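J.: Below are the structure tokens for one structure; questions will follow.
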Amino acid sequence: SNISVINGETCLFTFGPVQHLPEEVPIDVLRQREAKWLEMLNHWDKWMAKKHKKVKDRCQKGIPPSLRGRAWLYLTGGKVKREQNQGKFQELDEQPGDPKWVDIIERDLHRQFPFHEMFAARGGHGQQDLFRVLKAYTLHRPEEGYCQAQAPVAAVLLMHMPAEDAFWALVQICEKYLPGYYSTGLEAIQLDGQILHALLRRVSLPAYRHLNKHKLDPIMYMTEWFMCAFSRSLPWASVLRIWDMFLCEGVKIIFRVGLVLLKCMLGSQEKLKACQGTYETMERLRAIPPQYVQEAFLVREVIELPVNEKEIEKEHYAQLRRWKETHGDLQCKSPPRMHGAKAIIAADPPRRQDLRQKPTIIVASPLARDGVNGREGEGGGGGGRAGVPAPADPDGSADGTALLRHIAESEESLSNGEEDTYL
């Protein structure tokens with residue numbers, strides 16, 4: 001664990017997610033979901049413009065593991081950002097970085113998911129990529145630098161995508177989803193702590209009154225939850241499902257998770273008997289029983305909790321007024337928060353070429369048994385380029401020379417780590 005002090009309050013940062021087995025999805029259901037996601041990714045702008053509710057529903061059901069990295073990249077707008085800034089990551093990657101931040105980042109690397117095979121070896125490829133991504137961010141935003149809570153967020157991204165993609169997804173999370181969270185003074189996280197507490201009054205009055213009674217500032221229990229997007233606080237299967245929804249719908253998902261946990265732990269007089277003081281309350285919030293963080297239960301509770309972005313924004317302005325009365329103006333001027341993928345794509349509509357996928361391996365899609373006839377995305381999205389012929393027989397009995405030739409031509413792209421190698 002690591003202890004941090006924010007505005008005189010002691011906050012605990014642990015290092016390592018709680019482990020529980022994920023729910024089993026039947027293989028035929030998984031294949032169907034993969035085909036549907038491939039179709040959406042092939043026509044992403046149209047789906048986001050006209051069928052966003054269906055995208056949201058599919059994120060709530062859980063993104064197929066084979067496509068999660070690519071879906072996250074599209075949801076965050078990281079794919080468009082990367083295409084609009086080609087060569088930028090390589091440029092930052094080649095720079096030495098500020099020695100102050102480099103030293104701190106290097107000391108944090110071994111703490112990120114130390115039992116995950118990707119990050120287990122000191123100096124291994126996972127730790128090297130994590131260093132590259134975090135160092136690049138300090139060069140991209142030198143006024144912000146590095147914050148310890150960014151490391152687990154970047155590590156989760158790296159488990160699902162190459163370093164360049166993880167960098168742009170991290171940029172989007174820091175600038176669009178959680179602006180100001182990682183800035184000096186951590187004013188944004190303190191404001192969101194007050195928003196969480198205000199929303200709790202409506203969700204669970206017993207929990208609200210208990211925290212007030214013991215003068216427990218939200219910063220004491222919600223800092224790691226919010227800054228690490230629950231990547232350190234939940235079973236891994238639950239982390240992935242929460243991130244699927246968070247990257248689609250925005251920070252309201254993080255607020256809902258926090259409210260659900262507070263309600264589950266402190267939401268009745270019976271539960272409050274076990275935490276008579278500040279210490280007992282903090283211990284209860286640090287050791288949440290498995291039944292409350294189990295994937296199916298938590299996702300259902302989060303989806304059903306009626307807290308939306310309008311309520312969060314209304315409370316944000318109320319807390320901002322109170323902040324100015326007690327602290328004066330904010331020292332860090334953060335950009336406005338974007339509430340999810342739809343808001344991000346609406347604020348900066350992408351060009352079609354910025355969304356186009358560049359596959360390195362072409363396979364016959366179960367939705368495209370008639371082959372591809374040259375029109376982009378025809379047949380439901382096997383992930384192929386327009387005009388690339390599919391095998392005449394989906395069972396593979398026909399001559400596959402053209403397909404093999406295309407794969408051979410893609411060898412250079414494959415070695416460069418395009419996103420489709422993670423399919």
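Every chain in the structure tokens takes a letter, A first, then B, and so on in the order presented; its residues are numbered from 1, and the ligands are numbered from 1 following the presented order.
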So which residues touch region 164-176 of chain A within 8 Å, counting only C-alpha atoms, skipping near sequence neighbours fewer than 5 positions away, as a PDB file with all heavy atoms, in the first residue's frame?

T.:
ATOM      1  N   TRP A  72     -12.759   0.101 -26.730  1.00  0.00           N
ATOM      2  CA  TRP A  72     -12.378   1.191 -25.827  1.00  0.00           C
ATOM      3  C   TRP A  72     -11.713   2.327 -26.598  1.00  0.00           C
ATOM      4  O   TRP A  72     -11.963   3.506 -26.321  1.00  0.00           O
ATOM      5  CB  TRP A  72     -11.422   0.673 -24.757  1.00  0.00           C
ATOM      6  CG  TRP A  72     -12.075  -0.127 -23.671  1.00  0.00           C
ATOM      7  CD1 TRP A  72     -13.404  -0.437 -23.554  1.00  0.00           C
ATOM      8  CD2 TRP A  72     -11.429  -0.712 -22.537  1.00  0.00           C
ATOM      9  NE1 TRP A  72     -13.624  -1.193 -22.428  1.00  0.00           N
ATOM     10  CE2 TRP A  72     -12.433  -1.378 -21.783  1.00  0.00           C
ATOM     11  CE3 TRP A  72     -10.112  -0.768 -22.099  1.00  0.00           C
ATOM     12  CZ2 TRP A  72     -12.141  -2.071 -20.602  1.00  0.00           C
ATOM     13  CZ3 TRP A  72      -9.815  -1.455 -20.928  1.00  0.00           C
ATOM     14  CH2 TRP A  72     -10.824  -2.093 -20.188  1.00  0.00           C
ATOM     15  N   LEU A  73     -10.876   1.980 -27.560  1.00  0.00           N
ATOM     16  CA  LEU A  73     -10.179   2.994 -28.344  1.00  0.00           C
ATOM     17  C   LEU A  73     -11.174   3.848 -29.133  1.00  0.00           C
ATOM     18  O   LEU A  73     -11.015   5.062 -29.239  1.00  0.00           O
ATOM     19  CB  LEU A  73      -9.167   2.333 -29.287  1.00  0.00           C
ATOM     20  CG  LEU A  73      -8.152   3.254 -29.956  1.00  0.00           C
ATOM     21  CD1 LEU A  73      -7.230   3.900 -28.927  1.00  0.00           C
ATOM     22  CD2 LEU A  73      -7.336   2.497 -30.996  1.00  0.00           C
ATOM     23  N   THR A  76     -13.518   6.042 -26.508  1.00  0.00           N
ATOM     24  CA  THR A  76     -12.837   7.207 -25.921  1.00  0.00           C
ATOM     25  C   THR A  76     -12.531   8.298 -26.947  1.00  0.00           C
ATOM     26  O   THR A  76     -12.250   9.432 -26.578  1.00  0.00           O
ATOM     27  CB  THR A  76     -11.505   6.807 -25.270  1.00  0.00           C
ATOM     28  OG1 THR A  76     -10.666   6.188 -26.267  1.00  0.00           O
ATOM     29  CG2 THR A  76     -11.714   5.855 -24.100  1.00  0.00           C
ATOM     30  N   GLY A  77     -12.570   7.945 -28.221  1.00  0.00           N
ATOM     31  CA  GLY A  77     -12.118   8.884 -29.245  1.00  0.00           C
ATOM     32  C   GLY A  77     -10.616   8.811 -29.444  1.00  0.00           C
ATOM     33  O   GLY A  77     -10.042   9.607 -30.185  1.00  0.00           O
ATOM     34  N   GLY A  78      -9.966   7.838 -28.781  1.00  0.00           N
ATOM     35  CA  GLY A  78      -8.519   7.687 -28.916  1.00  0.00           C
ATOM     36  C   GLY A  78      -8.097   7.321 -30.327  1.00  0.00           C
ATOM     37  O   GLY A  78      -7.032   7.743 -30.791  1.00  0.00           O
ATOM     38  N   LYS A  79      -8.935   6.563 -31.019  1.00  0.00           N
ATOM     39  CA  LYS A  79      -8.632   6.181 -32.407  1.00  0.00           C
ATOM     40  C   LYS A  79      -8.544   7.409 -33.308  1.00  0.00           C
ATOM     41  O   LYS A  79      -7.607   7.581 -34.092  1.00  0.00           O
ATOM     42  CB  LYS A  79      -9.721   5.220 -32.894  1.00  0.00           C
ATOM     43  CG  LYS A  79      -9.830   5.054 -34.401  1.00  0.00           C
ATOM     44  CD  LYS A  79      -8.734   4.189 -34.970  1.00  0.00           C
ATOM     45  CE  LYS A  79      -9.085   3.798 -36.400  1.00  0.00           C
ATOM     46  NZ  LYS A  79      -7.935   3.735 -37.296  1.00  0.00           N
ATOM     47  N   LYS A  81      -8.114  10.545 -32.313  1.00  0.00           N
ATOM     48  CA  LYS A  81      -7.003  11.375 -31.824  1.00  0.00           C
ATOM     49  C   LYS A  81      -5.669  10.876 -32.399  1.00  0.00           C
ATOM     50  O   LYS A  81      -4.815  11.669 -32.798  1.00  0.00           O
ATOM     51  CB  LYS A  81      -6.971  11.314 -30.296  1.00  0.00           C
ATOM     52  CG  LYS A  81      -6.237  12.457 -29.638  1.00  0.00           C
ATOM     53  CD  LYS A  81      -7.117  13.679 -29.517  1.00  0.00           C
ATOM     54  CE  LYS A  81      -6.431  14.725 -28.641  1.00  0.00           C
ATOM     55  NZ  LYS A  81      -7.132  16.020 -28.728  1.00  0.00           N
ATOM     56  N   ARG A  82      -5.505   9.558 -32.423  1.00  0.00           N
ATOM     57  CA  ARG A  82      -4.274   8.980 -32.961  1.00  0.00           C
ATOM     58  C   ARG A  82      -4.115   9.301 -34.445  1.00  0.00           C
ATOM     59  O   ARG A  82      -3.033   9.683 -34.895  1.00  0.00           O
ATOM     60  CB  ARG A  82      -4.302   7.457 -32.761  1.00  0.00           C
ATOM     61  CG  ARG A  82      -2.986   6.765 -33.074  1.00  0.00           C
ATOM     62  CD  ARG A  82      -3.162   5.260 -33.126  1.00  0.00           C
ATOM     63  NE  ARG A  82      -3.864   4.857 -34.344  1.00  0.00           N
ATOM     64  CZ  ARG A  82      -4.301   3.620 -34.570  1.00  0.00           C
ATOM     65  NH1 ARG A  82      -4.146   2.680 -33.668  1.00  0.00           N
ATOM     66  NH2 ARG A  82      -4.908   3.328 -35.702  1.00  0.00           N
ATOM     67  N   PHE A  89       3.082  10.366 -30.961  1.00  0.00           N
ATOM     68  CA  PHE A  89       3.543   9.497 -29.876  1.00  0.00           C
ATOM     69  C   PHE A  89       5.003   9.108 -30.072  1.00  0.00           C
ATOM     70  O   PHE A  89       5.786   9.112 -29.112  1.00  0.00           O
ATOM     71  CB  PHE A  89       2.672   8.244 -29.781  1.00  0.00           C
ATOM     72  CG  PHE A  89       3.154   7.270 -28.728  1.00  0.00           C
ATOM     73  CD1 PHE A  89       3.008   7.545 -27.378  1.00  0.00           C
ATOM     74  CD2 PHE A  89       3.775   6.075 -29.095  1.00  0.00           C
ATOM     75  CE1 PHE A  89       3.462   6.652 -26.413  1.00  0.00           C
ATOM     76  CE2 PHE A  89       4.228   5.183 -28.141  1.00  0.00           C
ATOM     77  CZ  PHE A  89       4.077   5.464 -26.798  1.00  0.00           C
ATOM     78  N   VAL A 133       4.343   5.179 -21.969  1.00  0.00           N
ATOM     79  CA  VAL A 133       3.052   5.863 -22.017  1.00  0.00           C
ATOM     80  C   VAL A 133       2.996   7.004 -20.998  1.00  0.00           C
ATOM     81  O   VAL A 133       2.593   8.127 -21.321  1.00  0.00           O
ATOM     82  CB  VAL A 133       1.902   4.858 -21.768  1.00  0.00           C
ATOM     83  CG1 VAL A 133       0.571   5.583 -21.547  1.00  0.00           C
ATOM     84  CG2 VAL A 133       1.778   3.893 -22.941  1.00  0.00           C
ATOM     85  N   LEU A 134       3.424   6.712 -19.764  1.00  0.00           N
ATOM     86  CA  LEU A 134       3.363   7.736 -18.712  1.00  0.00           C
ATOM     87  C   LEU A 134       4.349   8.872 -18.967  1.00  0.00           C
ATOM     88  O   LEU A 134       4.030  10.046 -18.754  1.00  0.00           O
ATOM     89  CB  LEU A 134       3.622   7.094 -17.348  1.00  0.00           C
ATOM     90  CG  LEU A 134       2.562   6.078 -16.893  1.00  0.00           C
ATOM     91  CD1 LEU A 134       3.010   5.361 -15.635  1.00  0.00           C
ATOM     92  CD2 LEU A 134       1.217   6.760 -16.666  1.00  0.00           C
ATOM     93  N   ALA A 136       5.423   9.826 -21.931  1.00  0.00           N
ATOM     94  CA  ALA A 136       4.884  10.591 -23.061  1.00  0.00           C
ATOM     95  C   ALA A 136       3.803  11.553 -22.600  1.00  0.00           C
ATOM     96  O   ALA A 136       3.709  12.681 -23.090  1.00  0.00           O
ATOM     97  CB  ALA A 136       4.339   9.635 -24.127  1.00  0.00           C
ATOM     98  N   TYR A 137       2.996  11.126 -21.619  1.00  0.00           N
ATOM     99  CA  TYR A 137       1.940  12.016 -21.136  1.00  0.00           C
ATOM    100  C   TYR A 137       2.513  13.245 -20.435  1.00  0.00           C
ATOM    101  O   TYR A 137       1.995  14.355 -20.584  1.00  0.00           O
ATOM    102  CB  TYR A 137       0.979  11.283 -20.194  1.00  0.00           C
ATOM    103  CG  TYR A 137      -0.225  12.126 -19.857  1.00  0.00           C
ATOM    104  CD1 TYR A 137      -1.331  12.154 -20.702  1.00  0.00           C
ATOM    105  CD2 TYR A 137      -0.248  12.943 -18.727  1.00  0.00           C
ATOM    106  CE1 TYR A 137      -2.423  12.959 -20.433  1.00  0.00           C
ATOM    107  CE2 TYR A 137      -1.335  13.752 -18.448  1.00  0.00           C
ATOM    108  CZ  TYR A 137      -2.425  13.759 -19.311  1.00  0.00           C
ATOM    109  OH  TYR A 137      -3.501  14.579 -19.040  1.00  0.00           O
ATOM    110  N   VAL A 153      -4.448   3.242 -14.362  1.00  0.00           N
ATOM    111  CA  VAL A 153      -5.332   3.489 -15.502  1.00  0.00           C
ATOM    112  C   VAL A 153      -4.602   3.132 -16.799  1.00  0.00           C
ATOM    113  O   VAL A 153      -5.137   2.419 -17.662  1.00  0.00           O
ATOM    114  CB  VAL A 153      -5.803   4.960 -15.520  1.00  0.00           C
ATOM    115  CG1 VAL A 153      -6.607   5.264 -16.787  1.00  0.00           C
ATOM    116  CG2 VAL A 153      -6.627   5.276 -14.277  1.00  0.00           C
ATOM    117  N   ALA A 154      -3.365   3.610 -16.926  1.00  0.00           N
ATOM    118  CA  ALA A 154      -2.564   3.295 -18.115  1.00  0.00           C
ATOM    119  C   ALA A 154      -2.280   1.801 -18.207  1.00  0.00           C
ATOM    120  O   ALA A 154      -2.277   1.225 -19.300  1.00  0.00           O
ATOM    121  CB  ALA A 154      -1.250   4.084 -18.086  1.00  0.00           C
ATOM    122  N   LEU A 157      -5.239  -0.086 -19.627  1.00  0.00           N
ATOM    123  CA  LEU A 157      -5.305   0.143 -21.072  1.00  0.00           C
ATOM    124  C   LEU A 157      -4.276  -0.709 -21.807  1.00  0.00           C
ATOM    125  O   LEU A 157      -4.574  -1.306 -22.847  1.00  0.00           O
ATOM    126  CB  LEU A 157      -5.088   1.629 -21.377  1.00  0.00           C
ATOM    127  CG  LEU A 157      -6.188   2.587 -20.892  1.00  0.00           C
ATOM    128  CD1 LEU A 157      -5.732   4.036 -21.029  1.00  0.00           C
ATOM    129  CD2 LEU A 157      -7.486   2.362 -21.649  1.00  0.00           C
ATOM    130  N   LEU A 158      -3.058  -0.788 -21.262  1.00  0.00           N
ATOM    131  CA  LEU A 158      -1.994  -1.557 -21.911  1.00  0.00           C
ATOM    132  C   LEU A 158      -2.288  -3.060 -21.933  1.00  0.00           C
ATOM    133  O   LEU A 158      -1.754  -3.776 -22.783  1.00  0.00           O
ATOM    134  CB  LEU A 158      -0.657  -1.313 -21.207  1.00  0.00           C
ATOM    135  CG  LEU A 158       0.066  -0.025 -21.598  1.00  0.00           C
ATOM    136  CD1 LEU A 158       1.200   0.258 -20.624  1.00  0.00           C
ATOM    137  CD2 LEU A 158       0.598  -0.112 -23.026  1.00  0.00           C
ATOM    138  N   TYR A 181      -8.473  15.788 -12.752  1.00  0.00           N
ATOM    139  CA  TYR A 181      -8.260  14.796 -11.692  1.00  0.00           C
ATOM    140  C   TYR A 181      -6.791  14.664 -11.315  1.00  0.00           C
ATOM    141  O   TYR A 181      -6.472  14.393 -10.160  1.00  0.00           O
ATOM    142  CB  TYR A 181      -8.774  13.423 -12.149  1.00  0.00           C
ATOM    143  CG  TYR A 181     -10.188  13.107 -11.722  1.00  0.00           C
ATOM    144  CD1 TYR A 181     -11.159  14.106 -11.667  1.00  0.00           C
ATOM    145  CD2 TYR A 181     -10.557  11.822 -11.376  1.00  0.00           C
ATOM    146  CE1 TYR A 181     -12.456  13.820 -11.286  1.00  0.00           C
ATOM    147  CE2 TYR A 181     -11.855  11.521 -10.997  1.00  0.00           C
ATOM    148  CZ  TYR A 181     -12.801  12.517 -10.947  1.00  0.00           C
ATOM    149  OH  TYR A 181     -14.083  12.212 -10.565  1.00  0.00           O
ATOM    150  N   TYR A 182      -5.907  14.813 -12.278  1.00  0.00           N
ATOM    151  CA  TYR A 182      -4.492  14.510 -12.043  1.00  0.00           C
ATOM    152  C   TYR A 182      -3.631  15.772 -11.987  1.00  0.00           C
ATOM    153  O   TYR A 182      -2.415  15.692 -12.061  1.00  0.00           O
ATOM    154  CB  TYR A 182      -3.996  13.549 -13.125  1.00  0.00           C
ATOM    155  CG  TYR A 182      -4.902  12.342 -13.260  1.00  0.00           C
ATOM    156  CD1 TYR A 182      -5.758  12.205 -14.348  1.00  0.00           C
ATOM    157  CD2 TYR A 182      -4.931  11.356 -12.281  1.00  0.00           C
ATOM    158  CE1 TYR A 182      -6.611  11.110 -14.462  1.00  0.00           C
ATOM    159  CE2 TYR A 182      -5.779  10.261 -12.378  1.00  0.00           C
ATOM    160  CZ  TYR A 182      -6.623  10.147 -13.471  1.00  0.00           C
ATOM    161  OH  TYR A 182      -7.475   9.073 -13.565  1.00  0.00           O
ATOM    162  N   PRO A 335     -10.681  21.776 -18.716  1.00  0.00           N
ATOM    163  CA  PRO A 335     -11.697  21.840 -19.768  1.00  0.00           C
ATOM    164  C   PRO A 335     -12.991  21.211 -19.272  1.00  0.00           C
ATOM    165  O   PRO A 335     -12.988  20.449 -18.306  1.00  0.00           O
ATOM    166  CB  PRO A 335     -11.071  21.018 -20.911  1.00  0.00           C
ATOM    167  CG  PRO A 335     -10.086  20.122 -20.245  1.00  0.00           C
ATOM    168  CD  PRO A 335      -9.576  20.878 -19.057  1.00  0.00           C
ATOM    169  N   PRO A 336     -14.123  21.533 -19.894  1.00  0.00           N
ATOM    170  CA  PRO A 336     -15.392  20.944 -19.445  1.00  0.00           C
ATOM    171  C   PRO A 336     -15.398  19.429 -19.598  1.00  0.00           C
ATOM    172  O   PRO A 336     -14.777  18.884 -20.501  1.00  0.00           O
ATOM    173  CB  PRO A 336     -16.434  21.594 -20.369  1.00  0.00           C
ATOM    174  CG  PRO A 336     -15.663  22.068 -21.557  1.00  0.00           C
ATOM    175  CD  PRO A 336     -14.307  22.417 -21.046  1.00  0.00           C
ATOM    176  N   ARG A 337     -16.096  18.770 -18.699  1.00  0.00           N
ATOM    177  CA  ARG A 337     -16.157  17.318 -18.705  1.00  0.00           C
ATOM    178  C   ARG A 337     -17.092  16.840 -19.814  1.00  0.00           C
ATOM    179  O   ARG A 337     -18.160  17.380 -20.021  1.00  0.00           O
ATOM    180  CB  ARG A 337     -16.668  16.840 -17.343  1.00  0.00           C
ATOM    181  CG  ARG A 337     -16.839  15.358 -17.227  1.00  0.00           C
ATOM    182  CD  ARG A 337     -16.635  14.873 -15.814  1.00  0.00           C
ATOM    183  NE  ARG A 337     -17.410  15.557 -14.808  1.00  0.00           N
ATOM    184  CZ  ARG A 337     -17.143  15.476 -13.501  1.00  0.00           C
ATOM    185  NH1 ARG A 337     -16.115  14.780 -13.072  1.00  0.00           N
ATOM    186  NH2 ARG A 337     -17.890  16.109 -12.620  1.00  0.00           N
ATOM    187  N   MET A 338     -16.661  15.804 -20.534  1.00  0.00           N
ATOM    188  CA  MET A 338     -17.492  15.182 -21.560  1.00  0.00           C
ATOM    189  C   MET A 338     -18.136  13.932 -20.959  1.00  0.00           C
ATOM    190  O   MET A 338     -17.438  13.065 -20.445  1.00  0.00           O
ATOM    191  CB  MET A 338     -16.652  14.782 -22.776  1.00  0.00           C
ATOM    192  CG  MET A 338     -15.949  15.932 -23.448  1.00  0.00           C
ATOM    193  SD  MET A 338     -17.049  16.771 -24.575  1.00  0.00           S
ATOM    194  CE  MET A 338     -15.934  18.003 -25.254  1.00  0.00           C
ATOM    195  N   ILE A 344     -18.305  13.070 -26.792  1.00  0.00           N
ATOM    196  CA  ILE A 344     -16.966  13.265 -27.372  1.00  0.00           C
ATOM    197  C   ILE A 344     -17.040  13.324 -28.893  1.00  0.00           C
ATOM    198  O   ILE A 344     -16.456  14.206 -29.523  1.00  0.00           O
ATOM    199  CB  ILE A 344     -16.012  12.139 -26.903  1.00  0.00           C
ATOM    200  CG1 ILE A 344     -15.684  12.317 -25.414  1.00  0.00           C
ATOM    201  CG2 ILE A 344     -14.726  12.123 -27.732  1.00  0.00           C
ATOM    202  CD1 ILE A 344     -14.943  11.152 -24.806  1.00  0.00           C
ATOM    203  N   GLU A 419      -3.775  -2.288 -34.292  1.00  0.00           N
ATOM    204  CA  GLU A 419      -4.716  -2.693 -33.253  1.00  0.00           C
ATOM    205  C   GLU A 419      -5.376  -4.026 -33.519  1.00  0.00           C
ATOM    206  O   GLU A 419      -5.766  -4.734 -32.612  1.00  0.00           O
ATOM    207  CB  GLU A 419      -5.790  -1.614 -33.051  1.00  0.00           C
ATOM    208  CG  GLU A 419      -6.852  -1.499 -34.141  1.00  0.00           C
ATOM    209  CD  GLU A 419      -6.439  -0.546 -35.237  1.00  0.00           C
ATOM    210  OE1 GLU A 419      -5.252  -0.213 -35.323  1.00  0.00           O
ATOM    211  OE2 GLU A 419      -7.291  -0.138 -36.022  1.00  0.00           O
TER     212      GLU A 419
END

J.: At a cut-off of 6 Å, using only C-alpha atoms, what residues contact region 266-279 of chain A? Leave out same-chain residues fewer than 4 positions from it and give the result as a VMD selection string.

T.: chain A and resid 204 206 to 207 214 262

J.: Contacts of region 94-98 of chain A at 9 Å or less, counting only C-alpha atoms, minus same-chain residues fewer than 5 places along, as a PyMOL selection string?

T.: chain A and resi 89+103+135-136+138-139+142+145

J.: Just give me the gap between CA of Gln148 (chain A) and CA of Met227 (chain A) in Å, one decimal is fine.

T.: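 We find that CA of Gln148 (chain A) and CA of Met227 (chain A) lie 9.4 Å from each other.
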
J.: How many Å separate CA of Leu211 (chain A) from CA of Thr223 (chain A)?

T.: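 Separation of CA of Leu211 (chain A) and CA of Thr223 (chain A): 15.4 Å.
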
J.: CA of Leu205 (chain A) to CA of Gly193 (chain A): how many Å, to one decimal?

T.: 16.6 Å

J.: Where in region 66-174 of chain A does DSSP assign alpha helix (DSSP H), given as JSON, numbers by chain?

T.: {"A": [68, 69, 70, 71, 72, 73, 74, 75, 76, 78, 79, 80, 81, 82, 83, 84, 88, 89, 90, 91, 92, 93, 99, 100, 101, 102, 103, 104, 105, 106, 107, 108, 125, 126, 127, 128, 129, 130, 131, 132, 133, 134, 135, 136, 137, 138, 139, 140, 150, 151, 152, 153, 154, 155, 156, 157, 158, 163, 164, 165, 166, 167, 168, 169, 170, 171, 172]}

J.: Name the closest residue to Val257 (chain A) among the candidates A:Leu41, A:Ala71, A:Ala296, A:Ile242; distances are taken between atoms, counting only C-alpha atoms.

T.: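 When distances to Val257 (chain A) are compared using only C-alpha atoms, the smallest one comes from A:Ile242.
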
J.: Ile105 (chain A): which residues within 10 Å, counting only C-alpha atoms, same-chain residues fewer than 2 positions away excluded, as a PyMOL selection string?

T.: chain A and resi 99-103+107-110+130-132+134-135+146-148+151

J.: Ranking A:Ala229, A:His140, A:Gly62, A:Trp243 by minimum distance to Leu92 (chain A) and counting only C-alpha atoms, which one comes first?

T.: A:His140

J.: Return as a tab-separated table the residues of region 197-218 of chain A lying at most 10 Å from region 304-319 of chain A, together with the closest atom-to-atom pair for each and the distance in Å to one decimal, counting only C-alpha atoms, with rows in chain order and ascending residue number.

T.:
residue	atom	partner	partner_atom	distance
A:Ala198	CA	A:Glu315	CA	7.5
A:Leu199	CA	A:Glu315	CA	8.0
A:Arg202	CA	A:Val307	CA	9.7
A:Val203	CA	A:Leu305	CA	8.4

J.: Take the residues just selected and output them with C-alpha atoms as a JSON list (two decimals), in the first residue's frame.

T.:
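In the end it all went to selection08.json:
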[["chain", "number", "residue", "atom", "x", "y", "z"],
["A", 198, "ALA", "CA", -24.55, 15.48, -2.00],
["A", 199, "LEU", "CA", -25.96, 12.79, -4.31],
["A", 202, "ARG", "CA", -30.96, 11.18, -2.13],
["A", 203, "VAL", "CA", -29.66, 7.63, -2.67]]
